[in-house]
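A.B. asks: Just one file: final30.pdb, with PDB, C-alpha atoms.
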ATOM      1  CA  MET K 175       0.000   0.000   0.000
ATOM      2  CA  LYS K 176       1.389   3.379  -1.005
ATOM      3  CA  ASN K 177       1.119   6.455   1.141
ATOM      4  CA  ARG K 178       1.953  10.156   1.309
ATOM      5  CA  LEU K 179       3.486  10.086   4.774
ATOM      6  CA  LYS K 180       6.911  11.304   3.698
ATOM      7  CA  VAL K 181       5.438  14.312   1.888
ATOM      8  CA  LEU K 182       3.028  15.149   4.698
ATOM      9  CA  ARG K 183       5.819  14.835   7.223
ATOM     10  CA  ALA K 184       8.126  17.040   5.153
ATOM     11  CA  GLU K 185       5.414  19.702   4.817
ATOM     12  CA  ARG K 186       5.355  19.958   8.594
ATOM     13  CA  ASP K 187       9.133  19.725   8.879
ATOM     14  CA  TRP K 188       8.845  16.681  11.099
ATOM     15  CA  SER K 189      11.513  14.006  11.300
ATOM     16  CA  GLN K 190      10.570  10.340  11.465
ATOM     17  CA  ALA K 191      11.355  10.481  15.171
ATOM     18  CA  ASP K 192       9.003  13.463  15.620
ATOM     19  CA  LEU K 193       6.161  11.614  13.919
ATOM     20  CA  ALA K 194       6.927   8.445  15.879
ATOM     21  CA  GLN K 195       6.724  10.383  19.126
ATOM     22  CA  ARG K 196       3.364  11.867  18.166
ATOM     23  CA  LEU K 197       2.037   8.427  17.221
ATOM     24  CA  GLU K 198       3.604   6.767  20.283
ATOM     25  CA  VAL K 199       5.368   4.160  18.137
ATOM     26  CA  SER K 200       9.038   3.505  17.317
ATOM     27  CA  ARG K 201      10.891   5.388  14.593
ATOM     28  CA  GLN K 202      11.379   2.051  12.847
ATOM     29  CA  SER K 203       7.598   1.724  12.635
ATOM     30  CA  VAL K 204       7.269   5.091  10.914
ATOM     31  CA  ASN K 205      10.058   4.183   8.498
ATOM     32  CA  ALA K 206       8.473   0.813   7.665
ATOM     33  CA  ILE K 207       5.058   2.404   7.063
ATOM     34  CA  GLU K 208       6.525   5.285   5.067
ATOM     35  CA  THR K 209       8.428   2.969   2.737
ATOM     36  CA  GLY K 210       5.329   0.818   2.215
ATOM     37  CA  LYS K 211       6.906  -2.246   3.802
ATOM     38  CA  PHE K 212       4.440  -2.395   6.659
ATOM     39  CA  ASP K 213       0.742  -1.645   6.483
ATOM     40  CA  PRO K 214      -0.596  -0.037   9.662
ATOM     41  CA  SER K 215      -3.680  -1.367  11.402
ATOM     42  CA  LEU K 216      -6.937   0.546  11.058
ATOM     43  CA  PRO K 217      -6.582   2.169  14.532
ATOM     44  CA  LEU K 218      -3.071   3.416  13.676
ATOM     45  CA  ALA K 219      -4.254   4.618  10.259
ATOM     46  CA  PHE K 220      -7.036   6.579  11.976
ATOM     47  CA  LYS K 221      -4.485   8.001  14.396
ATOM     48  CA  LEU K 222      -2.341   9.138  11.455
ATOM     49  CA  ALA K 223      -5.353  10.648   9.741
ATOM     50  CA  ARG K 224      -6.341  12.581  12.859
ATOM     51  CA  LEU K 225      -2.766  13.788  13.323
ATOM     52  CA  PHE K 226      -2.600  15.182   9.775
ATOM     53  CA  GLY K 227      -6.213  16.362   9.817
ATOM     54  CA  MET K 228      -7.055  14.287   6.753
ATOM     55  CA  ARG K 229      -9.079  11.251   5.788
ATOM     56  CA  ILE K 230      -7.340   7.865   5.674
ATOM     57  CA  GLU K 231      -7.881   7.583   1.911
ATOM     58  CA  GLU K 232      -6.140  10.930   1.422
ATOM     59  CA  ILE K 233      -3.006   9.472   3.006
ATOM     60  CA  PHE K 234      -3.044   5.871   1.784
ATOM     61  CA  THR K 235      -3.665   4.551  -1.699
ATOM     62  CA  ASP K 236      -4.279   0.972  -2.776
ATOM     63  CA  GLU K 237      -1.857  -1.221  -4.731
ATOM     64  CA  ASP K 238      -2.926   0.219  -8.070
ATOM     65  CA  GLY K 239      -2.029   3.682  -6.865
ATOM     66  CA  VAL K 240      -5.668   4.781  -6.984
ATOM     67  CA  SER K 241      -6.965   6.544  -3.901
ATOM     68  CA  SER K 242      -9.694   4.435  -2.287
ATOM     69  CA  GLY K 243     -11.842   7.493  -1.762
ATOM     70  CA  SER K 244     -11.614   8.922  -5.263
TER
ATOM     71  CA  MET R  52      17.578  -1.283  12.655
ATOM     72  CA  LYS R  53      17.737  -2.545  16.197
ATOM     73  CA  LEU R  54      15.550  -4.981  18.068
ATOM     74  CA  ASN R  55      14.254  -2.802  20.857
ATOM     75  CA  ILE R  56      13.455  -5.608  23.302
ATOM     76  CA  PHE R  57      17.163  -6.377  23.585
ATOM     77  CA  CYS R  58      18.379  -2.786  23.619
ATOM     78  CA  GLN R  59      18.444  -0.151  26.282
ATOM     79  CA  GLY R  60      16.112   2.734  25.718
ATOM     80  CA  GLY R  61      13.174   0.597  24.600
ATOM     81  CA  SER R  62       9.621   1.151  25.793
ATOM     82  CA  ALA R  63       8.485   0.339  29.334
ATOM     83  CA  VAL R  64       6.949  -2.905  28.036
ATOM     84  CA  GLN R  65      10.248  -3.901  26.410
ATOM     85  CA  ARG R  66      12.250  -3.093  29.529
ATOM     86  CA  ARG R  67       9.792  -5.091  31.660
ATOM     87  CA  TYR R  68      10.159  -8.023  29.262
ATOM     88  CA  SER R  69      13.958  -7.890  29.490
ATOM     89  CA  VAL R  70      13.842  -7.857  33.307
ATOM     90  CA  ARG R  71      11.451 -10.830  33.370
ATOM     91  CA  VAL R  72      13.534 -12.864  30.921
ATOM     92  CA  TRP R  73      16.844 -12.239  32.669
ATOM     93  CA  THR R  74      15.283 -12.973  36.055
ATOM     94  CA  ALA R  75      13.841 -16.252  34.744
ATOM     95  CA  ASN R  76      17.172 -17.187  33.143
ATOM     96  CA  GLY R  77      18.948 -16.528  36.426
ATOM     97  CA  LEU R  78      16.430 -18.672  38.315
ATOM     98  CA  TYR R  79      16.835 -21.427  35.708
ATOM     99  CA  VAL R  80      20.591 -21.572  36.251
ATOM    100  CA  LEU R  81      20.124 -21.462  40.029
ATOM    101  CA  PHE R  82      17.435 -24.182  40.131
ATOM    102  CA  THR R  83      19.268 -26.413  37.661
ATOM    103  CA  VAL R  84      22.552 -26.260  39.571
ATOM    104  CA  PHE R  85      20.741 -26.824  42.872
ATOM    105  CA  THR R  86      18.773 -29.804  41.508
ATOM    106  CA  ALA R  87      21.799 -31.404  39.869
ATOM    107  CA  PHE R  88      23.788 -30.930  43.086
ATOM    108  CA  SER R  89      20.967 -32.371  45.209
ATOM    109  CA  ILE R  90      20.534 -35.458  43.051
ATOM    110  CA  ARG R  91      24.236 -36.160  42.672
ATOM    111  CA  TYR R  92      25.621 -35.305  46.105
ATOM    112  CA  LEU R  93      22.622 -35.284  48.462
ATOM    113  CA  HIS R  94      21.156 -38.387  46.797
ATOM    114  CA  LEU R  95      17.771 -36.782  46.316
ATOM    115  CA  HIS R  96      15.467 -39.387  44.807
ATOM    116  CA  GLY R  97      11.846 -40.439  44.380
ATOM    117  CA  PHE R  98       9.032 -37.913  44.572
ATOM    118  CA  TRP R  99      11.201 -34.939  45.611
ATOM    119  CA  ALA R 100      13.667 -35.582  42.797
ATOM    120  CA  TYR R 101      10.754 -35.364  40.369
ATOM    121  CA  VAL R 102       9.569 -32.150  42.018
ATOM    122  CA  ALA R 103      13.062 -30.637  41.872
ATOM    123  CA  ALA R 104      13.416 -31.532  38.175
ATOM    124  CA  VAL R 105      10.047 -29.951  37.346
ATOM    125  CA  VAL R 106      10.858 -26.834  39.392
ATOM    126  CA  SER R 107      14.103 -26.464  37.408
ATOM    127  CA  ALA R 108      12.109 -26.201  34.197
ATOM    128  CA  LEU R 109       9.495 -23.745  35.515
ATOM    129  CA  PRO R 110      11.585 -20.600  34.815
ATOM    130  CA  ILE R 111      11.685 -21.696  31.163
ATOM    131  CA  VAL R 112       7.906 -21.788  31.169
ATOM    132  CA  GLY R 113       8.133 -18.345  32.740
ATOM    133  CA  VAL R 114      10.188 -17.038  29.810
ATOM    134  CA  LEU R 115       7.565 -18.280  27.363
ATOM    135  CA  ALA R 116       4.815 -16.682  29.470
ATOM    136  CA  ALA R 117       6.796 -13.419  29.596
ATOM    137  CA  THR R 118       7.172 -13.542  25.809
ATOM    138  CA  GLY R 119       3.423 -14.026  25.424
ATOM    139  CA  ALA R 120       2.779 -11.151  27.840
ATOM    140  CA  TYR R 121       5.181  -8.932  25.883
ATOM    141  CA  LEU R 122       3.374  -9.605  22.619
ATOM    142  CA  ASN R 123       0.070  -8.915  24.333
ATOM    143  CA  GLN R 124       1.227  -5.666  25.945
ATOM    144  CA  GLU R 125       3.401  -4.234  23.151
ATOM    145  CA  THR R 126       1.538  -1.216  21.801
ATOM    146  CA  ASP R 127       3.880  -0.710  18.835
ATOM    147  CA  GLU R 128       2.275  -2.996  16.274
ATOM    148  CA  PHE R 129       5.322  -3.006  13.986
ATOM    149  CA  GLN R 130       7.628  -4.171  16.777
ATOM    150  CA  ARG R 131       5.018  -6.770  17.742
ATOM    151  CA  SER R 132       4.881  -7.975  14.151
ATOM    152  CA  LEU R 133       8.684  -8.342  14.037
ATOM    153  CA  GLY R 134       8.637 -10.277  17.297
ATOM    154  CA  VAL R 135       5.933 -12.626  16.047
ATOM    155  CA  GLN R 136       7.800 -13.221  12.787
ATOM    156  CA  CYS R 137      10.991 -14.120  14.664
ATOM    157  CA  LEU R 138       9.069 -16.475  16.955
ATOM    158  CA  LEU R 139       7.434 -18.160  13.946
ATOM    159  CA  TRP R 140      10.889 -18.734  12.447
ATOM    160  CA  GLY R 141      11.909 -20.223  15.780
ATOM    161  CA  ILE R 142       8.914 -22.559  15.876
ATOM    162  CA  GLY R 143       9.344 -23.583  12.240
ATOM    163  CA  GLY R 144      13.072 -24.182  12.595
ATOM    164  CA  THR R 145      12.669 -26.180  15.800
ATOM    165  CA  LEU R 146       9.886 -28.357  14.394
ATOM    166  CA  SER R 147      11.905 -28.992  11.247
ATOM    167  CA  ILE R 148      15.152 -29.884  12.989
ATOM    168  CA  THR R 149      13.543 -32.071  15.662
ATOM    169  CA  THR R 150      11.373 -33.880  13.113
ATOM    170  CA  ILE R 151      14.360 -34.514  10.833
ATOM    171  CA  TRP R 152      16.393 -35.685  13.819
ATOM    172  CA  GLY R 153      13.511 -37.908  14.933
ATOM    173  CA  CYS R 154      13.530 -39.597  11.527
ATOM    174  CA  LEU R 155      17.305 -40.013  11.738
ATOM    175  CA  GLU R 156      16.979 -41.583  15.194
ATOM    176  CA  GLY R 157      14.196 -43.893  14.089
ATOM    177  CA  MET R 158      15.576 -44.909  10.720
ATOM    178  CA  VAL R 159      19.358 -44.801  10.873
ATOM    179  CA  ARG R 160      19.894 -44.910  14.635
ATOM    180  CA  ALA R 161      21.395 -41.454  14.992
ATOM    181  CA  PRO R 162      22.374 -40.511  18.575
ATOM    182  CA  HIS R 163      19.422 -39.646  20.828
ATOM    183  CA  LEU R 164      18.687 -35.939  21.176
ATOM    184  CA  SER R 165      17.494 -35.104  24.681
ATOM    185  CA  LEU R 166      14.276 -33.091  24.845
ATOM    186  CA  VAL R 167      15.965 -30.431  26.968
ATOM    187  CA  TRP R 168      17.719 -29.248  23.789
ATOM    188  CA  ILE R 169      14.446 -28.238  22.132
ATOM    189  CA  TYR R 170      14.214 -24.984  24.092
ATOM    190  CA  PRO R 171      17.741 -23.723  23.278
ATOM    191  CA  ILE R 172      17.315 -24.842  19.658
ATOM    192  CA  PHE R 173      14.135 -22.749  19.494
ATOM    193  CA  TRP R 174      15.900 -19.604  20.731
ATOM    194  CA  VAL R 175      18.881 -20.206  18.435
ATOM    195  CA  PHE R 176      16.472 -20.167  15.481
ATOM    196  CA  VAL R 177      14.739 -17.080  16.865
ATOM    197  CA  GLY R 178      18.129 -15.377  17.167
ATOM    198  CA  LEU R 179      19.210 -16.412  13.670
ATOM    199  CA  SER R 180      15.960 -15.095  12.249
ATOM    200  CA  PHE R 181      16.563 -11.519  13.513
ATOM    201  CA  PRO R 182      18.861 -10.435  10.652
ATOM    202  CA  VAL R 183      16.622 -12.160   8.098
ATOM    203  CA  VAL R 184      13.411 -10.576   9.368
ATOM    204  CA  TYR R 185      14.935  -7.150  10.006
ATOM    205  CA  SER R 186      16.715  -6.977   6.675
ATOM    206  CA  ARG R 187      13.293  -6.969   5.001
ATOM    207  CA  TYR R 188      12.497  -3.601   6.580
ATOM    208  CA  ARG R 189      15.779  -1.762   6.016
TER
END
Please express the file's structure as C-alpha cells.
C.D. replies:
Amino acid sequence: MKNRLKVLRAERDWSQADLAQRLEVSRQSVNAIETGKFDPSLPLAFKLARLFGMRIEEIFTDEDGVSSGS
Amino acid sequence: MKLNIFCQGGSAVQRRYSVRVWTANGLYVLFTVFTAFSIRYLHLHGFWAYVAAVVSALPIVGVLAATGAYLNQETDEFQRSLGVQCLLWGIGGTLSITTIWGCLEGMVRAPHLSLVWIYPIFWVFVGLSFPVVYSRYR
C-alpha cells in the first residue's frame, strides 16, 4: 500500500522520530510504514489521519495507486 | 535497525520483558545447579527428585509466558509484528530440525537428542531469524 506520509511529514518539517513520538510508536515503525513495507492497522491509520487532519484515503492509496476514496 | 526488546532505551513494556527474561534465566541456572547438586551429592530421589526436576524447568515456562505477555502488551504494532515473525521462524526451525532428527533416530539410529535441547534450539532459530526478518524492513 502506497502512502503520502513522507510528503506530509516534510510539509510539517517533522523528522521520522518526531512523527513516531506523536504516534507513540518507534521510529522504525514510521520508516516501515513510510516505505510501504508495513501496512498499519486501522486504529493506527485513523491516528495518522487525525494527526494530519485528513481522511485515511487521502493518506493511503491501494496497490494500483488509486486513492480508495476517489 | 535494532531490536528494541534487547536494547536499552526501549519502551516500558520492552524493559519489563527484558527484566522478566533475565530474572527467569537466572532462576533457571540457580534451580538447575541446585537440583543437579541435590541429586548427585545429596542423593535426592523419588518424589522430591521429580519435584526438583520440574521446578528447574518452571523458569523456562516463565520465559515463554513473559514472551506471550510482551506480545500482548506491546503497543507498537510493527515491533510486535517483528517479534511474532521471529518467533514463527523459531517454531518452524525447531519443528523442522527435531522432526528430521527424529527420523534419523528412528531410521538410521542417529544418537538420541534429549528433549531439553528443544528450548535452546528454538531460541537459536529465533536469534538467527533476527537479521533475516529485520533486513526486510531496512
A.B. asks: Any idea which chain K residues end up within 8 Å of chain R if we count all atoms listed in the file, as a PyMOL selection string please?
C.D. replies: chain K and resi 198-200+202-203+206+211-212+214-215
A.B. asks: In the coordinate frame of the file, compute which residues have an atom within 8 Å of (11.5, -12.8, 16.1) when using only C-alpha atoms, and state them as a list in words.
C.D. replies: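 Returned residue set, sorted by chain then number, is Leu133, Gly134, Val135, Gln136, Cys137, Leu138, Leu139, Trp140, Gly141, Val177, Gly178, Ser180, Phe181 and Val184 of chain R.
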A.B. asks: Generate a file of the selected residues that holds C-alpha atoms, formatted as an mmCIF file, in the frame of the given file.
C.D. replies:
data_model
loop_
_atom_site.group_PDB
_atom_site.id
_atom_site.type_symbol
_atom_site.label_atom_id
_atom_site.label_comp_id
_atom_site.auth_asym_id
_atom_site.auth_seq_id
_atom_site.Cartn_x
_atom_site.Cartn_y
_atom_site.Cartn_z
ATOM 1 C CA LEU R 133 8.684 -8.342 14.037
ATOM 2 C CA GLY R 134 8.637 -10.277 17.297
ATOM 3 C CA VAL R 135 5.933 -12.626 16.047
ATOM 4 C CA GLN R 136 7.800 -13.221 12.787
ATOM 5 C CA CYS R 137 10.991 -14.120 14.664
ATOM 6 C CA LEU R 138 9.069 -16.475 16.955
ATOM 7 C CA LEU R 139 7.434 -18.160 13.946
ATOM 8 C CA TRP R 140 10.889 -18.734 12.447
ATOM 9 C CA GLY R 141 11.909 -20.223 15.780
ATOM 10 C CA VAL R 177 14.739 -17.080 16.865
ATOM 11 C CA GLY R 178 18.129 -15.377 17.167
ATOM 12 C CA SER R 180 15.960 -15.095 12.249
ATOM 13 C CA PHE R 181 16.563 -11.519 13.513
ATOM 14 C CA VAL R 184 13.411 -10.576 9.368
#
A.B. asks: Tell me, as a ChimeraX atom specification, which residues lie within 10 Å of Leu146 (chain R), counting all atoms listed in the file; anything in the same chain fewer than 4 positions away does not count.
C.D. replies: /R:140-142,150-152,169,172-173
A.B. asks: Got a sec: who's within 10 Å of Asn177 (chain K), counting all atoms listed in the file, leaving out chain neighbours fewer than 3 positions off, as an mmCIF file with C-alpha atoms, in the frame of the given file?
C.D. replies:
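Saved result, selection.cif, follows:
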data_model
loop_
_atom_site.group_PDB
_atom_site.id
_atom_site.type_symbol
_atom_site.label_atom_id
_atom_site.label_comp_id
_atom_site.auth_asym_id
_atom_site.auth_seq_id
_atom_site.Cartn_x
_atom_site.Cartn_y
_atom_site.Cartn_z
ATOM 1 C CA LYS K 180 6.911 11.304 3.698
ATOM 2 C CA VAL K 181 5.438 14.312 1.888
ATOM 3 C CA LEU K 182 3.028 15.149 4.698
ATOM 4 C CA ILE K 207 5.058 2.404 7.063
ATOM 5 C CA GLU K 208 6.525 5.285 5.067
ATOM 6 C CA THR K 209 8.428 2.969 2.737
ATOM 7 C CA GLY K 210 5.329 0.818 2.215
ATOM 8 C CA ASP K 213 0.742 -1.645 6.483
ATOM 9 C CA ILE K 230 -7.340 7.865 5.674
ATOM 10 C CA GLU K 231 -7.881 7.583 1.911
ATOM 11 C CA GLU K 232 -6.140 10.930 1.422
ATOM 12 C CA ILE K 233 -3.006 9.472 3.006
ATOM 13 C CA PHE K 234 -3.044 5.871 1.784
ATOM 14 C CA THR K 235 -3.665 4.551 -1.699
ATOM 15 C CA ASP K 236 -4.279 0.972 -2.776
ATOM 16 C CA GLY K 239 -2.029 3.682 -6.865
ATOM 17 C CA SER K 241 -6.965 6.544 -3.901
#
A.B. asks: Using all atoms listed in the file, determine which residues lie at most 10 Å from region 101-105 of chain R, disregarding the query and same-chain residues fewer than 4 positions distant; provide the list as a list in words.
C.D. replies: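 Near region 101-105 of chain R, the qualifying residues are Phe82, Thr83, Phe85, Thr86, Ala87, Ser89, Ile90, Leu95, His96, Gly97, Leu109 and Pro110 of chain R.
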A.B. asks: Between R:Ala117, R:Val159, R:Val183, R:Leu122, which residue has the minimum interatomic distance to Asn76 (chain R), considering all atoms listed in the file?
C.D. replies: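 Looking at the shortest contact to Asn76 (chain R), the residue is R:Ala117.
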A.B. asks: State, in Å with one decimal place, the distance from CA of Tyr185 (chain R) to CA of Ala194 (chain K).
C.D. replies: 18.5 Å
A.B. asks: Mind pulling up the distance from CA of Arg196 (chain K) to CA of Phe226 (chain K)?
C.D. replies: 10.8 Å
A.B. asks: What is the distance between CA of Leu115 (chain R) and CA of Trp99 (chain R), in Å to one decimal?
C.D. replies: 25.0 Å
A.B. asks: Enclose the full set of atoms of region 226-235 of chain K listed in the file within a box whose edges lie along x, y and z, apply 8 Å of padding to each of the six sides, and report centre and edge lengths in Å to one decimal as JSON.
C.D. replies:
{"center_x": -5.8, "center_y": 10.5, "center_z": 4.1, "size_x": 22.5, "size_y": 27.8, "size_z": 27.5}
A.B. asks: Could you list the residues chosen by the PyMOL selection byres ((chain R and resi 111) around 10) in this structure as an mmCIF file with C-alpha atoms, keeping the file's coordinate frame?
C.D. replies:
data_model
loop_
_atom_site.group_PDB
_atom_site.id
_atom_site.type_symbol
_atom_site.label_atom_id
_atom_site.label_comp_id
_atom_site.auth_asym_id
_atom_site.auth_seq_id
_atom_site.Cartn_x
_atom_site.Cartn_y
_atom_site.Cartn_z
ATOM 1 C CA VAL R 72 13.534 -12.864 30.921
ATOM 2 C CA ALA R 75 13.841 -16.252 34.744
ATOM 3 C CA ASN R 76 17.172 -17.187 33.143
ATOM 4 C CA LEU R 78 16.430 -18.672 38.315
ATOM 5 C CA TYR R 79 16.835 -21.427 35.708
ATOM 6 C CA VAL R 106 10.858 -26.834 39.392
ATOM 7 C CA SER R 107 14.103 -26.464 37.408
ATOM 8 C CA ALA R 108 12.109 -26.201 34.197
ATOM 9 C CA LEU R 109 9.495 -23.745 35.515
ATOM 10 C CA PRO R 110 11.585 -20.600 34.815
ATOM 11 C CA VAL R 112 7.906 -21.788 31.169
ATOM 12 C CA GLY R 113 8.133 -18.345 32.740
ATOM 13 C CA VAL R 114 10.188 -17.038 29.810
ATOM 14 C CA LEU R 115 7.565 -18.280 27.363
ATOM 15 C CA ALA R 116 4.815 -16.682 29.470
ATOM 16 C CA ALA R 117 6.796 -13.419 29.596
ATOM 17 C CA TYR R 170 14.214 -24.984 24.092
#
